[in-house]
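To start, the structure under review is shown below, and the notes come after it.
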Amino acid sequence: MNRADYERYAHAFNHRDYDTVFDFYAPDAKIQFFGVDLGTREAFKRFYSFLHAHVIETLTIERFAASENLVALEGIIRVEGIRDLTAEALREQGLDQFAPIRKGEVQEMRQYIHYHVANDHFTSVGCAIVPAA
């Protein structure tokens with residue numbers, strides 16, 4: 001996987017093309033972060049459809065590195081509330097670990113993401129978020 005491939009992935013994510021995003025993953029990929037298991041197409045689409053009904057989320061890539069078996073990047077995740085996402089709504093979805101966000105509020109976070117790669121598909125993903133400076 002190279003930078004151009006990843007740019008296509010990020011473009012699909014930023015434009016909510018969940019099927020294209022999910023197609024970048026191997027069939028048995030481990031897609032788990034922040035206590036959420038998104039290992040099936042249905043779980044992936046359900047989570048992001050819910051989240052993106054409340055926020056516009058975009059990834060801006062700042063640094064990128066890739067090898068045959070790893071993609072690593074640093075970027076900014078920008079989340080803008082388009083509808084209030086309340087603690088109650090999150091709780092109803094089993095997403096207590098996420099913070100509410102109000103319509104009009106903007107949050108920016110630096111994210112470090114590592115993908116393991118085999119046969120040009122992601123087999124697992126891990127990420128860490130720190131406040132953007």
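In the structure tokens, each chain is lettered A, B, ... as it comes, each chain's residues begin at 1, and ligands are numbered from 1 in order of appearance.
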For the structure I just gave you, how does DSSP split chain A - specifically, which residues are strand (DSSP E)? Reply as a VMD selection string.
chain A and resid 25 to 33 36 to 37 55 to 66 70 to 81 106 to 118 121 to 131
Residues near A:Ala29, anyone? I mean within 7 Å using only C-alpha atoms, not counting same-chain ones fewer than 2 positions away, as a PyMOL selection string.
chain A and resi 25-27+31+39+122-124
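For the choices A:Arg63, A:Arg3, A:His54, A:His15, the atom-to-atom distance to A:Ile82 is smallest for A:His54 when using only C-alpha atoms.
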For the alpha helix (DSSP H) assignment from backbone DSSP, which residues of chain A qualify? Please present them as a PyMOL selection string.
chain A and resi 3-14+18-23+41-52+87-92
Using N, CA and C atoms, can you write the selected residues to a file as a compact mmCIF listing (two decimals), in the first residue's frame?
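Result file is again36.txt:
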# COMPACT_ATOMS: atom_id res chain seq x y z
N ARG A 3 1.14 5.77 -0.69
CA ARG A 3 0.45 7.01 -0.30
C ARG A 3 -0.79 7.25 -1.16
N ALA A 4 -0.70 7.01 -2.45
CA ALA A 4 -1.85 7.21 -3.34
C ALA A 4 -3.01 6.30 -2.94
N ASP A 5 -2.71 5.04 -2.61
CA ASP A 5 -3.74 4.11 -2.14
C ASP A 5 -4.40 4.66 -0.88
N TYR A 6 -3.55 5.11 0.07
CA TYR A 6 -4.10 5.61 1.32
C TYR A 6 -4.90 6.89 1.10
N GLU A 7 -4.48 7.72 0.19
CA GLU A 7 -5.24 8.94 -0.11
C GLU A 7 -6.64 8.57 -0.62
N ARG A 8 -6.75 7.51 -1.41
CA ARG A 8 -8.08 7.04 -1.86
C ARG A 8 -8.91 6.57 -0.67
N TYR A 9 -8.26 5.87 0.26
CA TYR A 9 -8.95 5.41 1.47
C TYR A 9 -9.44 6.61 2.28
N ALA A 10 -8.57 7.58 2.52
CA ALA A 10 -8.94 8.77 3.31
C ALA A 10 -10.04 9.57 2.61
N HIS A 11 -9.96 9.68 1.31
CA HIS A 11 -10.99 10.39 0.55
C HIS A 11 -12.35 9.70 0.74
N ALA A 12 -12.37 8.39 0.64
CA ALA A 12 -13.62 7.64 0.84
C ALA A 12 -14.14 7.84 2.26
N PHE A 13 -13.24 7.81 3.25
CA PHE A 13 -13.66 8.02 4.64
C PHE A 13 -14.24 9.42 4.81
N ASN A 14 -13.54 10.42 4.31
CA ASN A 14 -13.99 11.80 4.47
C ASN A 14 -15.32 12.06 3.75
N TYR A 18 -18.62 4.28 3.05
CA TYR A 18 -18.25 3.22 3.97
C TYR A 18 -17.91 1.90 3.27
N ASP A 19 -18.59 1.58 2.18
CA ASP A 19 -18.27 0.34 1.48
C ASP A 19 -16.86 0.38 0.90
N THR A 20 -16.50 1.50 0.29
CA THR A 20 -15.14 1.62 -0.25
C THR A 20 -14.11 1.55 0.87
N VAL A 21 -14.37 2.25 1.98
CA VAL A 21 -13.46 2.19 3.12
C VAL A 21 -13.30 0.76 3.59
N PHE A 22 -14.39 0.06 3.78
CA PHE A 22 -14.33 -1.30 4.31
C PHE A 22 -13.62 -2.24 3.33
N ASP A 23 -13.72 -1.98 2.04
CA ASP A 23 -13.05 -2.83 1.04
C ASP A 23 -11.53 -2.78 1.16
N ARG A 41 -18.74 -5.60 8.03
CA ARG A 41 -19.22 -4.47 7.24
C ARG A 41 -20.44 -3.84 7.90
N GLU A 42 -21.34 -4.66 8.41
CA GLU A 42 -22.55 -4.14 9.05
C GLU A 42 -22.23 -3.33 10.29
N ALA A 43 -21.34 -3.84 11.15
CA ALA A 43 -20.96 -3.11 12.37
C ALA A 43 -20.25 -1.81 12.00
N PHE A 44 -19.40 -1.84 11.00
CA PHE A 44 -18.68 -0.65 10.55
C PHE A 44 -19.67 0.41 10.08
N LYS A 45 -20.59 0.01 9.22
CA LYS A 45 -21.56 0.96 8.67
C LYS A 45 -22.52 1.46 9.74
N ARG A 46 -22.92 0.60 10.66
CA ARG A 46 -23.84 1.01 11.73
C ARG A 46 -23.18 2.07 12.63
N PHE A 47 -21.93 1.82 13.03
CA PHE A 47 -21.22 2.76 13.90
C PHE A 47 -21.05 4.12 13.22
N TYR A 48 -20.48 4.09 12.01
CA TYR A 48 -20.21 5.36 11.35
C TYR A 48 -21.48 6.06 10.87
N SER A 49 -22.50 5.34 10.51
CA SER A 49 -23.78 5.98 10.14
C SER A 49 -24.36 6.72 11.34
N PHE A 50 -24.29 6.10 12.51
CA PHE A 50 -24.77 6.76 13.73
C PHE A 50 -23.91 7.99 14.03
N LEU A 51 -22.60 7.80 14.08
CA LEU A 51 -21.71 8.90 14.43
C LEU A 51 -21.83 10.06 13.44
N HIS A 52 -21.82 9.74 12.16
CA HIS A 52 -21.82 10.78 11.15
C HIS A 52 -23.20 11.40 10.91
N ALA A 87 -24.94 12.49 25.76
CA ALA A 87 -24.47 11.34 26.53
C ALA A 87 -25.52 10.23 26.50
N GLU A 88 -26.79 10.61 26.54
CA GLU A 88 -27.86 9.61 26.50
C GLU A 88 -27.86 8.86 25.18
N ALA A 89 -27.72 9.57 24.06
CA ALA A 89 -27.70 8.91 22.75
C ALA A 89 -26.50 7.98 22.63
N LEU A 90 -25.35 8.41 23.15
CA LEU A 90 -24.17 7.56 23.14
C LEU A 90 -24.39 6.31 23.99
N ARG A 91 -24.97 6.49 25.17
CA ARG A 91 -25.23 5.37 26.08
C ARG A 91 -26.17 4.36 25.42
N GLU A 92 -27.19 4.85 24.73
CA GLU A 92 -28.15 3.96 24.05
C GLU A 92 -27.46 3.10 22.99
Each stretch 18-76 of chain A residue no farther than 9 Å from stretch 95-101 of chain A, nearest pair in Å, only C-alpha atoms, as CSV:
residue,atom,partner,partner_atom,distance
A:Phe34,CA,A:Gln97,CA,7.2
A:Gly35,CA,A:Gln97,CA,7.7
A:Val36,CA,A:Leu95,CA,7.9
A:His54,CA,A:Ile101,CA,8.5
A:Val55,CA,A:Ile101,CA,8.3
What's the separation between atom CA of A:Gly81 and atom CA of A:Met109, in Å to one decimal place?
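Straight-line distance from atom CA of A:Gly81 to atom CA of A:Met109 works out to 14.3 Å.
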Residues within 6 Å of stretch 66-75 of chain A, please, as a PyMOL selection string. Count only C-alpha atoms; anything in the same chain fewer than 3 positions from it doesn't count.
chain A and resi 60-63+110-118
Rounded to one decimal place, report the atom CA of A:Gly104-atom CA of A:Arg83 distance in Å.
7.9 Å
Within 6 Å of A:Glu80, counting only C-alpha atoms, which residues show up once you throw out same-chain ones fewer than 5 positions away? Write them as a ChimeraX atom specification, please.
/A:55-56,105-106
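For the pair atom CA of A:Ala65 and atom CA of A:Val130, the interatomic distance is 19.4 Å.
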